[in-house]
Amino acid sequence: MTDRMKAESSKESDNRSNEGMQRRTVLKALAGLPVVGFMGFEIFKKNNYAIEKRNSVLKELGLDSIEFPESNYGKTKPSGELIRIGFIGFGTRATQLSKALGFMHPMEVKKGQQNNTLTDWLGQEYLNVAITGICDVFDLHAQKGMATAGNEIRPGGQDAPKLPVKRYASYQEMLADKDIDAVIIATPDHHHARIATEAARAGKHIYCEKSPALNEEELNELYTAVKNSQVVYQLGHQITQSIVFQQAKEIIKKNILGKITLIETTSNRNTANGAWIRHLDPNGNPKPGNEDTIDWKQWLGNAPDAPFSVDRYYNWTKWFDYDTGMIGQLFTHEFDAVNQLLHIGIPQSVTSSGGIYYWKDNREMPDSLHCVFEYPNRDLTLLYSGNLASSRGRGRVFMGHDASMELGNNAIIMADQNSTRYAEGIRSGAIDPGAPMISFNPGAGQIDAVSSASEKYYASRGLTTTSINGRNVDVTHLHLLEWLECIRNGGTPSANIEMAFQEGIACIMAHRSYLEKRTMSWDSENKKIV
Amino acid sequence: MRQNYSNLQLTTLVVLRFLVGWHILYEGIAKLLNPQWTSAGFLKESTWILSGFADWVMSNSGILATVDFLNTWGLIAIGLGLILGIFSRVAAISGAVLVFVYYLNAPPLTGLEYSLPTDGNNLIVNKTLIEAGALCVLALFPTSKIFGLDAWLLKRKQEKGGAK
């Protein structure tokens with residue numbers, strides 16, 4: 001063949017025809033074009049195939065008409081009047097909340113500059129608020145709060161007003177001050193209901209960390225006080241602000257899962273910090289604080305008298321006097337997530353059991369706790385299982401006859417192999433019960449019915465971040481924004497007093513069931529736990 | 001140049017050029033067509049000598065967006081250069097460097113573990129490294145001045161030179 005070609009080429013050079021030679025050269029030079037054209041055609045075919053497959057799955061599921069409301073986050077100017085906020089309690093959670101409001105401690109600003117996270121934070125929507133009051137029983141925390149509130153590097157830049165910050169000796173003093181419009185309560189749990197109740201009576205809007213109340217009496221009092229006032233009450237459950245939850249809501253609404261009879265929620269932790277042992281710094285030295293710098297009497301509040309102890313001050317979650325442990329700290333979020341999606345309300349009965357099986361220190365609080373919430377009227381059981389000695393992720397799963405949904409940083413919907421509704425699709429091979437039928441890409445705000453293996457993999461590991469209009473946004477910031485918008489424009493926030501009441505009752509039932517070792521029931525006629 | 005290759009050698013080299021070019025061009029276009037694509041997932045896996053670089057890229061959304069943009073369009077330019085045979089040597093050399101950087105981010109060395117499942121069984125050598133090697137071959141054994149737009153570029157240059 002080589003010889004033949006050589007012969008040909010020599011023949012060519014013999015009958016040298018300039019034109020023919022040029023044409024050949026040009027054709028050869030363009031050899032790559034058909035390859036590019038072929039690729040273009042194949043890409044077109046592949047895209048059409050993917051779109052068709054996606055549309056047919058979505059149509060089958062009735063999801064083709066879903067449109068997620070486009071968020072106007074970051075597109076609006078701050079409206080209305082400046083809201084002056086007072087912080088009651090300025091510990092770890094308060095620093096996160098103030099950051100979400102647009103206020104950071106100067107030291108944290110410096111850290112943000114060093115690790116390049118400051119720009120994102122400065123791009124956070126300006127909320128038109130000022131922190132003008134700080135109240136904490138520990139001098140060190142109060143000073144940190146004052147420095148945070150007074151720091152001038154913040155979203156909003158030069159336009160942000162610079163108001164003086166006042167330290168209040170007690171929360172009562174703050175509530176009596178007419179220069180405070182709203183309060184954020186981030187104290188240990190045993191103060192929540194009492195301070196929130198008094199705030200409602202004083203006409204201050206309330207953003208309160210969970211849990212809403214530790215017992216039935218104070219929960220009822222809080223409910224009545226907020227109901228009889230004009231204030232906006234928001235409970236601190238930021239996770240449902242995530243875009244994924246809006247998408248999960250659509251899945252539930254469209255009945256993709258079929259009849260849901262079981263919901264499993266879990267907490268999985270395995271660290272000392274996660275087990276509420278927090279009185280040591282990272283180097284193992286005791287954290288600061290003594291009777292001179294901590295107003296112990298005020299810290300105890302209405303709780304039974306106890307001698308001053310750094311252990312109690314930092315690790316209060318270990319004792320029944322101040323908290324309900326995993327129920328109050330962790331299950332509250334789970335309950336809110338389920339209640340926001342399904343509006344399950346107060347359970348008919350709750351049975352809890354557990355014990356102290358790993359962290360055998362001086363605690364009263366169980367480190368392994370399991371609660372069964374029954375909703376016979378809804379044909380539904382809600383399970384909670386919390387463990388503080390294993391971090392194996394067990395997720396949050398909604399189980400329906402036709403499909404199940406695991407809801408975390410993303411939502412993964414798997415068809416059930418014995419589903420009635422998808423039987424035909426599974427038989428024909430259109431639906432694979434061994435792989436996600438639908439997954440949500442939190443960054444995209446759209447349904448991802450068919451995605452590449454690596455995309456699915458990254459999504460399931462939660463490596464994609466929640467974003468709005470292409471920006472990473474802190475969910476706590478969104479939860480506060482919702483509260484502030486309700487204060488300015490009226491309306492009811494998502495974690496309002498009704499939701500807080502339902503959650504409070506469910507949690508108190510679960511806690512009492514553990515303490516009293518019996519099933520607790522809800523008397524819906526007399527609105528009482530029996 | 002033609003005299004140096006037999007026809008079979010020439011054909012094989014051009015086919016290799018098309019194959020590697022196709023792969024690189026489609027990698028670029030697939031990223032372009034997927035608005036959610038970002039290199040963050042890949043960079044998170046980086047464990048070897050470039051992990052510091054990967055962390056730096058991910059630390060700032062601006063840098064990440066720039067790297068994503070350059071990577072996507074770099075792949076498309078290199079792929080087109082190889083298939084169409086235009087600036088083919090530059091394309092082959094920069095392609096070899098780029099692909100080698102991918103390799104250095106996640107080389108299959110003993111003791112390095114990745115959470116993303118890999119294609120096939122690899123020890124030190126993987127397909128990425130082989131592709132980098134193939135691109136070196138293409139840079140050293142050019143064919144674009146015969147089968148490619150570089151022939152046209154060459155001709156124009158010669159004509160200009162002749163006119164002087």
# chains A, B, ... in the order shown; residues from 1 in each chain; ligands from 1

$ interface_residues --of "chain B" --to "chain A" --cutoff "7 Å" --atoms "only C-alpha atoms" --output "ChimeraX atom specification"
/B:6-7,36,41,59-60,83-85,146-149,151-152

$ select_by_dssp --residues "chain B" --states "alpha helix (DSSP H)" --output "NGL selection string"
:B and (7-33 or 40-44 or 51-58 or 61-84 or 88-105 or 127-140 or 150-163)

$ write_last_selection --atoms "C-alpha atoms" --output "compact mmCIF listing (two decimals), in the first residue's frame"
# COMPACT_ATOMS: atom_id res chain seq x y z
CA ASN B 7 1.13 6.63 5.36
CA LEU B 8 0.20 4.17 8.06
CA GLN B 9 2.16 6.13 10.64
CA LEU B 10 0.55 9.35 9.47
CA THR B 11 -2.94 7.83 9.62
CA THR B 12 -2.34 6.42 13.09
CA LEU B 13 -1.05 9.74 14.41
CA VAL B 14 -4.00 11.66 12.96
CA VAL B 15 -6.47 9.16 14.42
CA LEU B 16 -4.76 9.46 17.82
CA ARG B 17 -5.00 13.24 17.51
CA PHE B 18 -8.72 13.01 16.74
CA LEU B 19 -9.37 10.60 19.64
CA VAL B 20 -7.57 12.66 22.28
CA GLY B 21 -8.99 15.88 20.84
CA TRP B 22 -12.51 14.44 20.91
CA HIS B 23 -12.20 13.43 24.53
CA ILE B 24 -10.83 16.80 25.65
CA LEU B 25 -13.30 18.83 23.56
CA TYR B 26 -16.28 16.89 24.89
CA GLU B 27 -15.05 17.24 28.50
CA GLY B 28 -15.04 21.00 27.95
CA ILE B 29 -18.42 21.15 26.21
CA ALA B 30 -20.07 18.91 28.83
CA LYS B 31 -18.91 21.35 31.53
CA LEU B 32 -20.16 24.28 29.48
CA LEU B 33 -23.57 22.67 29.00
CA ALA B 40 -15.01 22.12 43.67
CA GLY B 41 -15.95 18.43 43.91
CA PHE B 42 -12.78 17.37 42.11
CA LEU B 43 -10.60 19.78 44.07
CA LYS B 44 -12.02 18.54 47.39
CA SER B 51 -3.88 19.87 47.80
CA GLY B 52 -2.68 23.26 49.10
CA PHE B 53 -3.36 24.77 45.70
CA ALA B 54 -6.79 23.11 45.60
CA ASP B 55 -7.67 24.50 49.04
CA TRP B 56 -6.62 27.97 47.92
CA VAL B 57 -8.84 27.77 44.84
CA MET B 58 -11.84 26.63 46.89
CA SER B 61 -15.68 31.81 45.17
CA GLY B 62 -14.09 34.35 42.80
CA ILE B 63 -10.96 32.26 42.29
CA LEU B 64 -13.06 29.12 41.93
CA ALA B 65 -15.24 30.74 39.26
CA THR B 66 -12.14 31.90 37.36
CA VAL B 67 -10.57 28.46 37.50
CA ASP B 68 -13.84 26.88 36.33
CA PHE B 69 -14.05 29.32 33.43
CA LEU B 70 -10.42 28.87 32.36
CA ASN B 71 -10.67 25.10 32.68
CA THR B 72 -13.84 24.80 30.58
CA TRP B 73 -12.68 27.10 27.79
CA GLY B 74 -9.12 25.77 27.98
CA LEU B 75 -10.41 22.25 27.36
CA ILE B 76 -12.57 23.43 24.47
CA ALA B 77 -9.70 25.38 22.87
CA ILE B 78 -7.25 22.48 23.26
CA GLY B 79 -9.82 19.98 21.91
CA LEU B 80 -10.60 22.13 18.88
CA GLY B 81 -6.90 22.78 18.30
CA LEU B 82 -6.22 19.04 18.20
CA ILE B 83 -9.17 18.03 16.02
CA LEU B 84 -8.97 20.90 13.56
CA SER B 88 -1.79 21.99 17.19
CA ARG B 89 1.59 21.89 18.90
CA VAL B 90 0.61 24.59 21.41
CA ALA B 91 -2.64 22.68 22.01
CA ALA B 92 -0.83 19.39 22.54
CA ILE B 93 1.74 20.86 24.93
CA SER B 94 -0.78 22.84 27.01
CA GLY B 95 -3.10 19.82 26.96
CA ALA B 96 -0.31 17.62 28.31
CA VAL B 97 0.39 20.13 31.10
CA LEU B 98 -3.31 20.52 32.00
CA VAL B 99 -3.99 16.78 32.04
CA PHE B 100 -0.83 16.20 34.06
CA VAL B 101 -2.10 18.73 36.62
CA TYR B 102 -5.32 16.67 36.86
CA TYR B 103 -3.16 13.62 37.45
CA LEU B 104 -1.14 15.34 40.17
CA ASN B 105 -4.34 16.26 42.00
CA LYS B 127 -5.73 6.84 32.07
CA THR B 128 -5.12 10.49 32.81
CA LEU B 129 -1.35 9.96 32.88
CA ILE B 130 -1.53 7.95 29.66
CA GLU B 131 -3.47 10.77 28.01
CA ALA B 132 -0.77 13.23 29.10
CA GLY B 133 1.79 10.89 27.53
CA ALA B 134 -0.22 10.64 24.32
CA LEU B 135 -0.32 14.44 24.13
CA CYS B 136 3.49 14.55 24.43
CA VAL B 137 3.69 12.14 21.51
CA LEU B 138 1.35 14.36 19.49
CA ALA B 139 3.46 17.43 20.30
CA LEU B 140 6.63 15.66 19.12
CA ASP B 150 -1.92 24.58 10.33
CA ALA B 151 -1.17 23.67 6.68
CA TRP B 152 -3.11 26.73 5.64
CA LEU B 153 -1.34 28.89 8.24
CA LEU B 154 2.00 27.60 7.01
CA LYS B 155 1.08 28.39 3.42
CA ARG B 156 0.06 31.93 4.28
CA LYS B 157 3.32 32.44 6.13
CA GLN B 158 5.28 31.13 3.17
CA GLU B 159 3.37 33.38 0.76
CA LYS B 160 4.03 36.41 2.95
CA GLY B 161 7.69 35.44 3.15
CA GLY B 162 7.81 35.06 -0.64
CA ALA B 163 6.25 38.45 -1.24

$ atom_distance --atom1 "CA of Phe141 (chain B)" --atom2 "CA of Tyr5 (chain B)"
9.3 Å

$ residues_around --residues "His105 (chain A)" --least-positions-apart "3" --cutoff "8 Å" --atoms "only C-alpha atoms" --output "compact mmCIF listing (two decimals) with N, CA and C atoms, in the first residue's frame"
# COMPACT_ATOMS: atom_id res chain seq x y z
N GLU A 108 -13.17 38.01 64.95
CA GLU A 108 -13.71 37.09 63.93
C GLU A 108 -13.56 37.71 62.53
N VAL A 109 -13.71 39.04 62.46
CA VAL A 109 -13.53 39.73 61.18
C VAL A 109 -12.11 39.50 60.68
N LYS A 144 -18.05 40.60 75.03
CA LYS A 144 -17.95 40.09 73.66
C LYS A 144 -19.13 40.59 72.83
N GLY A 145 -20.31 40.57 73.45
CA GLY A 145 -21.52 41.04 72.77
C GLY A 145 -21.45 42.52 72.44
N ALA A 147 -18.72 44.31 71.95
CA ALA A 147 -17.74 44.51 70.88
C ALA A 147 -18.32 44.08 69.53
N THR A 148 -19.11 43.00 69.55
CA THR A 148 -19.73 42.50 68.32
C THR A 148 -20.74 43.52 67.80
N ALA A 149 -21.61 44.00 68.69
CA ALA A 149 -22.66 44.93 68.28
C ALA A 149 -22.07 46.24 67.78
N ASN A 151 -19.08 46.67 66.31
CA ASN A 151 -18.13 46.55 65.20
C ASN A 151 -18.70 47.17 63.93

$ atom_distance --atom1 "CA of Gly400 (chain A)" --atom2 "CA of Gly258 (chain A)"
5.2 Å

$ residues_around --residues "region 231-242 of chain A" --least-positions-apart "3" --cutoff "6 Å" --atoms "only C-alpha atoms" --output "PyMOL selection string"
chain A and resi 205-210+245+475-476+479+495-496

$ residues_around --residues "Leu383 (chain A)" --least-positions-apart "3" --cutoff "8 Å" --atoms "only C-alpha atoms" --output "list in words"
Leu262, Ile263, Glu264, Thr265, His370, Cys371, Val372 and Phe373 of chain A

$ write_last_selection --atoms "N, CA and C atoms" --output "short mmCIF file (atom, residue, chain, number, x, y, z; two decimals), in the first residue's frame"
data_model
loop_
_atom_site.label_atom_id
_atom_site.label_comp_id
_atom_site.auth_asym_id
_atom_site.auth_seq_id
_atom_site.Cartn_x
_atom_site.Cartn_y
_atom_site.Cartn_z
N LEU A 262 -44.72 5.96 58.14
CA LEU A 262 -43.59 5.95 59.08
C LEU A 262 -42.57 7.01 58.70
N ILE A 263 -42.15 7.77 59.72
CA ILE A 263 -41.07 8.74 59.53
C ILE A 263 -40.02 8.47 60.59
N GLU A 264 -38.79 8.30 60.13
CA GLU A 264 -37.69 8.03 61.07
C GLU A 264 -36.79 9.24 61.16
N THR A 265 -36.58 9.75 62.37
CA THR A 265 -35.63 10.85 62.55
C THR A 265 -34.58 10.42 63.55
N HIS A 370 -34.88 7.06 72.77
CA HIS A 370 -35.70 6.66 71.62
C HIS A 370 -37.15 6.92 71.95
N CYS A 371 -37.84 7.63 71.07
CA CYS A 371 -39.22 8.04 71.34
C CYS A 371 -40.10 7.63 70.16
N VAL A 372 -41.30 7.15 70.49
CA VAL A 372 -42.28 6.77 69.47
C VAL A 372 -43.49 7.69 69.62
N PHE A 373 -43.77 8.47 68.58
CA PHE A 373 -44.91 9.39 68.57
C PHE A 373 -46.00 8.79 67.68
#

$ residues_around --residues "Pro433 (chain A)" --least-positions-apart "4" --cutoff "6 Å" --atoms "only C-alpha atoms" --output "VMD selection string"
chain A and resid 415 to 417

$ residues_around --residues "Lys318 (chain A)" --least-positions-apart "2" --cutoff "10 Å" --atoms "only C-alpha atoms" --output "NGL selection string"
:A and (275-277 or 311-312 or 314-316 or 320-326 or 361-367)

$ select_by_dssp --residues "region 184-363 of chain A" --states "strand (DSSP E or B)" --output "PyMOL selection string"
chain A and resi 184-185+205-208+233-235+260-268+280+286+294+349-355

$ closest_residue --among "A:Thr266, A:Thr92, A:Ser368, A:Gln298" --to "His191 (chain A)" --atoms "only C-alpha atoms"
A:Gln298

$ closest_residue --among "B:Asn4, B:Thr38, B:Val125, B:Thr143" --to "Phe87 (chain B)" --atoms "only C-alpha atoms"
B:Thr143

$ atom_distance --atom1 "CA of Glu498 (chain A)" --atom2 "CA of Lys528 (chain A)"
15.6 Å

$ decode --residues "region 255-276 of chain A" --atoms "N, CA and C atoms" --output "CSV table (one decimal), in the first residue's frame"
chain,number,residue,atom,x,y,z
A,255,ASN,N,-47.7,14.1,46.3
A,255,ASN,CA,-48.0,12.7,46.7
A,255,ASN,C,-47.1,11.7,46.0
A,256,ILE,N,-45.8,12.1,45.8
A,256,ILE,CA,-44.9,11.2,45.1
A,256,ILE,C,-44.6,10.0,45.9
A,257,LEU,N,-44.7,10.1,47.2
A,257,LEU,CA,-44.2,9.0,48.1
A,257,LEU,C,-45.4,8.0,48.4
A,258,GLY,N,-46.6,8.4,48.0
A,258,GLY,CA,-47.7,7.5,48.3
A,258,GLY,C,-48.1,7.7,49.8
A,259,LYS,N,-48.8,6.8,50.4
A,259,LYS,CA,-49.3,7.0,51.7
A,259,LYS,C,-48.1,6.8,52.7
A,260,ILE,N,-47.8,7.8,53.5
A,260,ILE,CA,-46.7,7.8,54.4
A,260,ILE,C,-47.2,7.3,55.8
A,261,THR,N,-46.6,6.2,56.3
A,261,THR,CA,-47.1,5.7,57.6
A,261,THR,C,-45.9,5.7,58.6
A,262,LEU,N,-44.7,6.0,58.1
A,262,LEU,CA,-43.6,5.9,59.1
A,262,LEU,C,-42.6,7.0,58.7
A,263,ILE,N,-42.1,7.8,59.7
A,263,ILE,CA,-41.1,8.7,59.5
A,263,ILE,C,-40.0,8.5,60.6
A,264,GLU,N,-38.8,8.3,60.1
A,264,GLU,CA,-37.7,8.0,61.1
A,264,GLU,C,-36.8,9.2,61.2
A,265,THR,N,-36.6,9.8,62.4
A,265,THR,CA,-35.6,10.8,62.5
A,265,THR,C,-34.6,10.4,63.5
A,266,THR,N,-33.4,11.0,63.4
A,266,THR,CA,-32.3,10.5,64.2
A,266,THR,C,-31.3,11.6,64.6
A,267,SER,N,-30.6,11.5,65.7
A,267,SER,CA,-29.4,12.3,66.0
A,267,SER,C,-28.2,11.4,66.2
A,268,ASN,N,-27.1,11.7,65.7
A,268,ASN,CA,-26.0,10.8,65.7
A,268,ASN,C,-24.7,11.6,66.0
A,269,ARG,N,-24.3,11.6,67.3
A,269,ARG,CA,-23.1,12.3,67.7
A,269,ARG,C,-22.2,11.4,68.5
A,270,ASN,N,-20.9,11.8,68.5
A,270,ASN,CA,-20.0,10.9,69.2
A,270,ASN,C,-18.8,11.8,69.7
A,271,THR,N,-19.0,12.9,70.2
A,271,THR,CA,-18.0,13.7,70.8
A,271,THR,C,-18.4,14.2,72.2
A,272,ALA,N,-17.4,14.6,73.0
A,272,ALA,CA,-17.6,15.2,74.3
A,272,ALA,C,-18.5,16.5,74.1
A,273,ASN,N,-18.1,17.3,73.2
A,273,ASN,CA,-18.8,18.5,73.0
A,273,ASN,C,-20.2,18.2,72.6
A,274,GLY,N,-20.4,17.2,71.7
A,274,GLY,CA,-21.8,16.8,71.3
A,274,GLY,C,-22.6,16.2,72.5
A,275,ALA,N,-21.9,15.7,73.5
A,275,ALA,CA,-22.5,15.2,74.7
A,275,ALA,C,-22.6,16.3,75.8
A,276,TRP,N,-22.5,17.5,75.4
A,276,TRP,CA,-22.6,18.7,76.3
A,276,TRP,C,-21.5,18.8,77.4
